[in-house]
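Structure record follows, encoded as structure tokens.
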Amino acid sequence: MQISGAQMVIEALIAEGVDTVFGYPGGAIMNVYDEIYKQDNFQHILTRHEQAAVHAAEGYSKVSGKVGVAMITSGPGFTNAVTGLADAYMDSIPLVVISGQVPMSLIGTDAFQEIDAVGISRSCTKHNYLVTNASDLPRVLKEAFHIAATGRPGPVHVDIPKDVTAEIAEFDYSIKVDLETYKPHVKGNPRQIKKAIEAIANAKRPVFYLGGGIINANAAYEVRDLVHKTGIPAVETFMARGTLSHDDDLLIGMLGMHGSYAANMAMSETDLVIGLGARFDDRVTGKLSEFAKNAGVIHVDIDPASISKLVHANYPIVGDVKNVVNEILDSVSKINADKYEGWRETIENFEELHPLAYHEDTDRIKPQWVIERVGQLLGDDANISTDVGQHQMWSGQFYPFSRPRQFISSGGLGTMGFGFPAAIGVKAAMPEKTSINFTGDGSILMNCQELMTAVEKKLPVINIILNNNYLGMVRQWQTLFYDKRHSETDLSVQPDFVKLSEAFGGIGYRVKTKEEFDAALKDAVEKNIVAFIEVIVERLENVLPMVPSGGSLFNMMLLEKKEK
Amino acid sequence: MTEISERRVISVIVINESSVLSRITDLFSARGYNITSLTVAPIPETKYSRLTIVTSGSVRVIEQITKQLHKLIPVLRVYEHADLVEKEMAMIKFPVTENITEISTLCEAYNGKIVNVGENVIIVMVTDEPKRVENFLKVIKRYNPKEIVRSGAVALER
Ligand SMILES: Cc1cc2nc3c(=O)[nH]c(=O)nc-3n(C[C@H](O)[C@H](O)[C@H](O)COP(=O)(O)OP(=O)(O)OC[C@H]3O[C@@H](n4cnc5c(N)ncnc54)[C@H](O)[C@@H]3O)c2cc1C
Ligand SMILES: Cc1ncc(C[n+]2csc(CCOP(=O)(O)OP(=O)(O)O)c2C)c(N)n1
Ligand SMILES: [Mg+2]
């Protein structure tokens, strides 16, 4: 059929099964918005900032496993969205982000709201396109969705000049995507898999090192089977939380800079690291030369560039972790239950020596308590988003995650302002679960305008602000490594968070005691409207344990023991 | 693993499209890799171009470069050459007042010749292995070259 470029965008989104688009209109994308107005196949959620539109699409994608879609205009609309693109790129989140561009005839003339969008997005997207003919649009959009979702997922940016959205051309979406230069390797090499299985059979102190790739691959339940079948203990990265359930006996905990003592010690003493969809991030490995020093490394990853990038892999396996885990499951025999008993005992001893804990030694609520408490009250019924800082790490440490895709957080880029819009996207994708955003008094002010979006669209996100009157994570480093010179991190001057929420039509609570907190959370869940729960917490609490930047995993700063 | 930095030649076959060269150079600058030289030209009667990149780095860095290049969507193939024939061209401008006979003899030794004679200057070209071109450029210094241009290396696997 002969339709305009703008209509093609709509038709393609419908054909891709998109039910929600997050966006913000402007001059260059108006033709497309005009078509959005005329259709009712998908909902459009107007965020109040383009950055938030992209984060909302990320939240939507992470919780649902579908490709997230955001739409923005040229120039400032696009530049506002760049942080979201970069965030999705670092965390391998599949997005298609469509931006308007000035008309072809004006490109290169410093036209009004012209910016070299594909030039900017090149380094923070998996791929990008500047569409110069409407007749290219069906192919480009189809490729965009394909590239975003396959292989190592990531954001794809499509920049469309205004005249191209007006141009009439033939639309046929039944074309097949045929990219001879892009063929992700999904099946692991059988010989390599066989060698890896032998290595597992020969290992005495093996550890599964579970990463976010498992969540991407929808492989968490297969991984659970493999862990249980082999009886090998497992650590999770921050991005892999929920792969194993919090109450799984074989889950040691999170590893890394703020990982548990037992997880980091297990990693230091293991003789075989079985890495599944994890990328050996510097926050995880600490000092590279000391990381899993005496261990062989199996590394399963769909991205060959992740393998042996930082830590040499003795058994590299390029492939989709779901396929590879299934292959291993088929050939690995149920291992004698006693085989790793001694090793598990060693790990249990580490756990007993320095369990993940905090002290209830002040009048003020401890931030960790809030996270644990929400876990007790809502547990599996909530999806958890976070902002960035101490509250984020405590969420990763203390929330009892029970399923994959339950935890949505900005790991790779560490973007303050991510949490609230992401939680809106989460709620839009999965309305039946309570959408909680653990945030800080610093982070919430980046993107608090999204109160308006949430109220308007009746997406009742509950923001729990752990208010320590500090940019706490930075303050912690200043306390520890800059001789307590708290440069520009004191947030004593603050808005009235209750009124702020109310000003947009949400509800607000300010709580200082545990009883007040329980009551506020209960009330917010029951009323089912957008909420800020501001919790006044201990100001100077530090996230522990901690591996100082560049230190070795086994050299942790630990929680001081208290006399009972 | 050795961390010694070595010179390497990488050939990349890419789809001919407008942004492909910037994708590649952006990747090098974003990840802090060196480019010593880069040449690019279309492969006749195909929709592809061939790039020859001379770079340097440790074994690990070179491995990352090839993997990262391969990740770019329009990249069809990446060859990291071990056994190859490599050539480079250089053109040099000399004042006519220099000893042209000597220069011409030297050029011949490096697969070259005089390609242009003007009123005030002559232009010569040589085509040889990059190392030998390097050597040639050292030798002709004493003839006061006014301008030197090098093409960058091209290479084919043996
Ligand atoms: C303040 C702060 C502190 C932090 N501290 C820690 C910490 O203590 N511990 C910690 O773990 N993290 C921490 N992080 C997060 C950290 O920065 C990284 O985001 C995280 O460690 C990366 O997790 P990952 O290795 O699971 O990789 P991801 O970023 O989730 O990458 C996934 C990997 O899996 C691969 N993959 C994707 N899909 C597939 C598939 N289908 N099949 C196979 N492979 C696939 C990808 O190629 C990639 O290599 C912190 C972040 C912040 C902001
Ligand atoms: C956009 C952005 N700017 C700056 C930082 C650096 N940073 C990391 S954590 C942090 C403090 C966050 O403070 P708050 O939201 O109050 O959380 P807390 O650490 O106090 O829990 C800052 C400034 C960042 N990660 N993102
Ligand atoms: Mg704070």
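If you're wondering about the labels, chains in the structure tokens are A, B, ... by order shown, residues count from 1 in each chain, ligands from 1 in order shown.
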Please determine the contact residues of chain A with respect to chain B at a cut-off of 8 Å, counting only C-alpha atoms, and supply them as a ChimeraX atom specification. /A:122-123,126-127,180-182,304-305,309
From a DSSP pass on the backbone, collect the residues of segment 402-549 of chain A flagged as strand (DSSP E) and hand them back as a PDB file with C-alpha atoms, in the first residue's frame.
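File produced: result_27.pdb:
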ATOM      1  CA  PHE A 407      14.680  -5.944  39.828  1.00  0.00           C
ATOM      2  CA  ILE A 408      15.170  -2.961  37.523  1.00  0.00           C
ATOM      3  CA  THR A 434       3.005  -3.107  42.923  1.00  0.00           C
ATOM      4  CA  SER A 435       5.712  -0.929  41.385  1.00  0.00           C
ATOM      5  CA  ILE A 436       8.163   0.288  44.010  1.00  0.00           C
ATOM      6  CA  ASN A 437      10.989   2.725  43.361  1.00  0.00           C
ATOM      7  CA  PHE A 438      13.629   2.892  46.065  1.00  0.00           C
ATOM      8  CA  THR A 439      15.191   6.300  45.655  1.00  0.00           C
ATOM      9  CA  GLY A 440      17.330   8.870  47.415  1.00  0.00           C
ATOM     10  CA  ILE A 462       5.266   4.099  45.113  1.00  0.00           C
ATOM     11  CA  ASN A 463       8.518   6.025  45.541  1.00  0.00           C
ATOM     12  CA  ILE A 464      10.246   5.263  48.810  1.00  0.00           C
ATOM     13  CA  ILE A 465      12.711   8.072  49.406  1.00  0.00           C
ATOM     14  CA  LEU A 466      15.455   7.043  51.809  1.00  0.00           C
ATOM     15  CA  ASN A 467      16.214  10.529  52.999  1.00  0.00           C
ATOM     16  CA  ILE A 507      -0.031  11.412  47.931  1.00  0.00           C
ATOM     17  CA  GLY A 508       2.855  12.064  50.313  1.00  0.00           C
ATOM     18  CA  TYR A 509       4.000  10.650  53.651  1.00  0.00           C
ATOM     19  CA  ARG A 510       6.856  11.651  55.890  1.00  0.00           C
ATOM     20  CA  VAL A 511       7.783   8.915  58.331  1.00  0.00           C
ATOM     21  CA  ALA A 531       3.018   8.123  46.257  1.00  0.00           C
ATOM     22  CA  PHE A 532       6.135   9.555  47.820  1.00  0.00           C
ATOM     23  CA  ILE A 533       7.013   7.926  51.115  1.00  0.00           C
ATOM     24  CA  GLU A 534       9.838   9.956  52.587  1.00  0.00           C
ATOM     25  CA  VAL A 535      11.648   7.982  55.258  1.00  0.00           C
ATOM     26  CA  ILE A 536      13.993   9.883  57.541  1.00  0.00           C
TER      27      ILE A 536
END
Find the spatial neighbours of Val186 of chain A, counting only C-alpha atoms, within a cut-off of 8 Å - ignore same-chain residues fewer than 3 positions away - and output them as number ranges by chain. A: 151, 302, 318-320, 323
Kindly export the residues of the current selection with all heavy atoms, as a tab-separated table (two decimals), in the first residue's frame.
chain	number	residue	atom	x	y	z
A	151	GLY	N	20.71	-11.27	19.52
A	151	GLY	CA	22.11	-11.21	19.91
A	151	GLY	C	22.24	-10.60	21.28
A	151	GLY	O	21.43	-10.87	22.17
A	302	ILE	N	26.93	-14.28	24.69
A	302	ILE	CA	26.51	-14.18	23.29
A	302	ILE	C	27.37	-13.19	22.52
A	302	ILE	O	27.40	-13.21	21.30
A	302	ILE	CB	25.01	-13.81	23.21
A	302	ILE	CG1	24.44	-14.21	21.85
A	302	ILE	CG2	24.79	-12.33	23.47
A	302	ILE	CD1	22.96	-14.41	21.85
A	318	VAL	N	30.78	-19.05	22.91
A	318	VAL	CA	29.94	-17.99	22.37
A	318	VAL	C	28.58	-18.59	22.05
A	318	VAL	O	28.49	-19.55	21.28
A	318	VAL	CB	30.56	-17.38	21.10
A	318	VAL	CG1	29.65	-16.29	20.54
A	318	VAL	CG2	31.94	-16.82	21.39
A	319	GLY	N	27.55	-18.04	22.65
A	319	GLY	CA	26.21	-18.55	22.35
A	319	GLY	C	25.18	-17.98	23.30
A	319	GLY	O	25.52	-17.29	24.27
A	320	ASP	N	23.93	-18.25	22.99
A	320	ASP	CA	22.85	-17.82	23.86
A	320	ASP	C	22.87	-18.69	25.11
A	320	ASP	O	22.88	-19.91	25.03
A	320	ASP	CB	21.52	-17.96	23.13
A	320	ASP	CG	20.37	-17.48	23.98
A	320	ASP	OD1	20.15	-16.27	24.01
A	320	ASP	OD2	19.71	-18.31	24.64
A	323	ASN	N	20.40	-21.63	25.36
A	323	ASN	CA	20.78	-22.82	24.58
A	323	ASN	C	21.89	-23.59	25.27
A	323	ASN	O	21.83	-24.81	25.39
A	323	ASN	CB	21.31	-22.41	23.20
A	323	ASN	CG	20.20	-22.00	22.28
A	323	ASN	OD1	19.05	-22.37	22.52
A	323	ASN	ND2	20.51	-21.22	21.26
DSSP helix (DSSP H, G or I) residues within segment 106-195 of chain A, listed as a PyMOL selection string: chain A and resi 106+117-124+134-149+162-166+190-195
Neighbouring residues of ligand 3 are defined here as those with any atom at most 6 Å from a ligand atom, counting only C-alpha atoms and all ligand atoms; list them as a list in words.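 So the residues close to ligand 3 are Gly440, Asp441, Gly442, Asn467, Asn468, Asn469, Tyr470, Leu471 and Gly472 of chain A.
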Contact residues around Leu84 of chain B with only C-alpha atoms at 12 Å, ignoring same-chain residues under 3 positions, as number ranges by chain: B: 8-11, 79-81, 87, 129, 153-158
Could you turn the residues from that selection into a file that holds C-alpha atoms, as a PDB file, in the first residue's frame?
ATOM      1  CA  ARG B   8      49.246  -5.182  13.175  1.00  0.00           C
ATOM      2  CA  VAL B   9      47.438  -4.946   9.860  1.00  0.00           C
ATOM      3  CA  ILE B  10      43.700  -5.530   9.903  1.00  0.00           C
ATOM      4  CA  SER B  11      41.485  -5.690   6.839  1.00  0.00           C
ATOM      5  CA  TYR B  79      40.938 -10.294   8.912  1.00  0.00           C
ATOM      6  CA  GLU B  80      43.808  -9.938  11.249  1.00  0.00           C
ATOM      7  CA  HIS B  81      46.720 -10.724   8.964  1.00  0.00           C
ATOM      8  CA  LYS B  87      52.498  -2.334   0.033  1.00  0.00           C
ATOM      9  CA  GLU B 129      56.714  -2.509   1.802  1.00  0.00           C
ATOM     10  CA  ALA B 153      49.309   0.450   3.671  1.00  0.00           C
ATOM     11  CA  VAL B 154      47.193  -1.995   1.702  1.00  0.00           C
ATOM     12  CA  ALA B 155      47.559  -5.688   2.263  1.00  0.00           C
ATOM     13  CA  LEU B 156      46.492  -9.097   1.019  1.00  0.00           C
ATOM     14  CA  GLU B 157      46.844 -12.427   2.739  1.00  0.00           C
ATOM     15  CA  ARG B 158      49.306 -14.702   0.925  1.00  0.00           C
TER      16      ARG B 158
END
Near-ligand residues for ligand 1, threshold 7 Å, only C-alpha atoms and all ligand atoms, as a PyMOL selection string: chain A and resi 90-92+151-153+210-214+216-217+236-240+254-259+276-281+283-284+300-303+306+319-322+388-389+393+410-414
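The spacing separating atom CA of Arg403 of chain A from atom CA of Leu251 of chain A amounts to 13.2 Å.
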Considering only C-alpha atoms, return as a ChimeraX atom specification whatever protein or nucleic-acid residues lie within 12 Å of Leu137 of chain B, sequence-local ones (same chain, fewer than 3 positions apart) excluded. /B:89-93,103,106-107,110,124-128,130-134,140-150
Output for the residues just chosen: N, CA and C atoms as a short mmCIF file (atom, residue, chain, number, x, y, z; two decimals), in the first residue's frame:
data_model
loop_
_atom_site.label_atom_id
_atom_site.label_comp_id
_atom_site.auth_asym_id
_atom_site.auth_seq_id
_atom_site.Cartn_x
_atom_site.Cartn_y
_atom_site.Cartn_z
N MET B 89 52.40 3.31 -0.93
CA MET B 89 52.96 4.23 -1.91
C MET B 89 53.31 5.55 -1.23
N ALA B 90 54.39 6.19 -1.73
CA ALA B 90 54.69 7.54 -1.25
C ALA B 90 55.03 8.41 -2.46
N MET B 91 54.63 9.66 -2.39
CA MET B 91 55.04 10.62 -3.43
C MET B 91 55.84 11.73 -2.73
N ILE B 92 56.91 12.15 -3.41
CA ILE B 92 57.79 13.15 -2.79
C ILE B 92 58.12 14.22 -3.83
N LYS B 93 58.11 15.45 -3.35
CA LYS B 93 58.42 16.59 -4.22
C LYS B 93 59.83 17.09 -3.88
N ILE B 103 68.57 10.82 -7.29
CA ILE B 103 67.21 10.57 -6.78
C ILE B 103 66.54 9.50 -7.62
N LEU B 106 67.82 6.04 -6.87
CA LEU B 106 67.27 5.58 -5.58
C LEU B 106 65.83 5.10 -5.75
N CYS B 107 65.05 5.91 -6.45
CA CYS B 107 63.63 5.55 -6.67
C CYS B 107 63.52 4.16 -7.28
N TYR B 110 63.53 1.32 -5.13
CA TYR B 110 62.33 1.16 -4.28
C TYR B 110 61.07 1.10 -5.14
N VAL B 124 58.37 12.39 -7.44
CA VAL B 124 58.67 10.97 -7.64
C VAL B 124 57.69 10.15 -6.83
N MET B 125 57.55 8.89 -7.22
CA MET B 125 56.76 7.99 -6.40
C MET B 125 57.50 6.68 -6.21
N VAL B 126 57.26 6.06 -5.05
CA VAL B 126 57.79 4.72 -4.81
C VAL B 126 56.65 3.86 -4.26
N THR B 127 56.73 2.58 -4.51
CA THR B 127 55.73 1.64 -3.98
C THR B 127 56.48 0.45 -3.43
N ASP B 128 56.33 0.21 -2.16
CA ASP B 128 57.12 -0.87 -1.58
C ASP B 128 56.52 -1.26 -0.23
N PRO B 130 55.90 -1.07 3.60
CA PRO B 130 55.93 0.14 4.42
C PRO B 130 57.28 0.38 5.09
N LYS B 131 57.92 -0.69 5.54
CA LYS B 131 59.23 -0.53 6.19
C LYS B 131 60.26 0.04 5.24
N ARG B 132 60.21 -0.44 3.99
CA ARG B 132 61.18 0.02 3.00
C ARG B 132 60.86 1.46 2.58
N VAL B 133 59.59 1.77 2.50
CA VAL B 133 59.21 3.15 2.19
C VAL B 133 59.77 4.09 3.26
N GLU B 134 59.62 3.63 4.50
CA GLU B 134 60.17 4.35 5.65
C GLU B 134 61.67 4.63 5.43
N ILE B 140 66.36 9.83 1.48
CA ILE B 140 66.25 10.99 0.58
C ILE B 140 66.21 12.33 1.33
N LYS B 141 66.33 12.25 2.63
CA LYS B 141 66.29 13.50 3.42
C LYS B 141 67.31 14.52 2.94
N ARG B 142 68.48 14.00 2.56
CA ARG B 142 69.55 14.91 2.20
C ARG B 142 69.28 15.66 0.89
N TYR B 143 68.23 15.26 0.13
CA TYR B 143 67.88 15.98 -1.11
C TYR B 143 66.79 17.03 -0.87
N ASN B 144 66.61 17.38 0.40
CA ASN B 144 65.66 18.44 0.76
C ASN B 144 64.25 18.26 0.19
N PRO B 145 63.60 17.16 0.50
CA PRO B 145 62.23 16.99 0.00
C PRO B 145 61.34 18.13 0.50
N LYS B 146 60.51 18.64 -0.38
CA LYS B 146 59.64 19.77 0.01
C LYS B 146 58.31 19.28 0.56
N GLU B 147 57.83 18.17 0.03
CA GLU B 147 56.55 17.64 0.50
C GLU B 147 56.57 16.13 0.38
N ILE B 148 55.98 15.46 1.34
CA ILE B 148 55.91 14.00 1.29
C ILE B 148 54.47 13.59 1.54
N VAL B 149 53.95 12.68 0.74
CA VAL B 149 52.62 12.14 1.04
C VAL B 149 52.68 10.62 0.95
N ARG B 150 52.11 9.96 1.96
CA ARG B 150 52.10 8.49 1.98
C ARG B 150 50.67 8.01 1.87
#
Gap from atom CA of Gly5 of chain A to atom CA of Met30 of chain A - Å, one decimal: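 Between these atoms lies a distance of 11.8 Å.
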Nearest residue to ligand 2 from the set A:Cys448, A:Leu480, A:Ile529, A:Val474 (distances using only C-alpha atoms and all ligand atoms): A:Val474
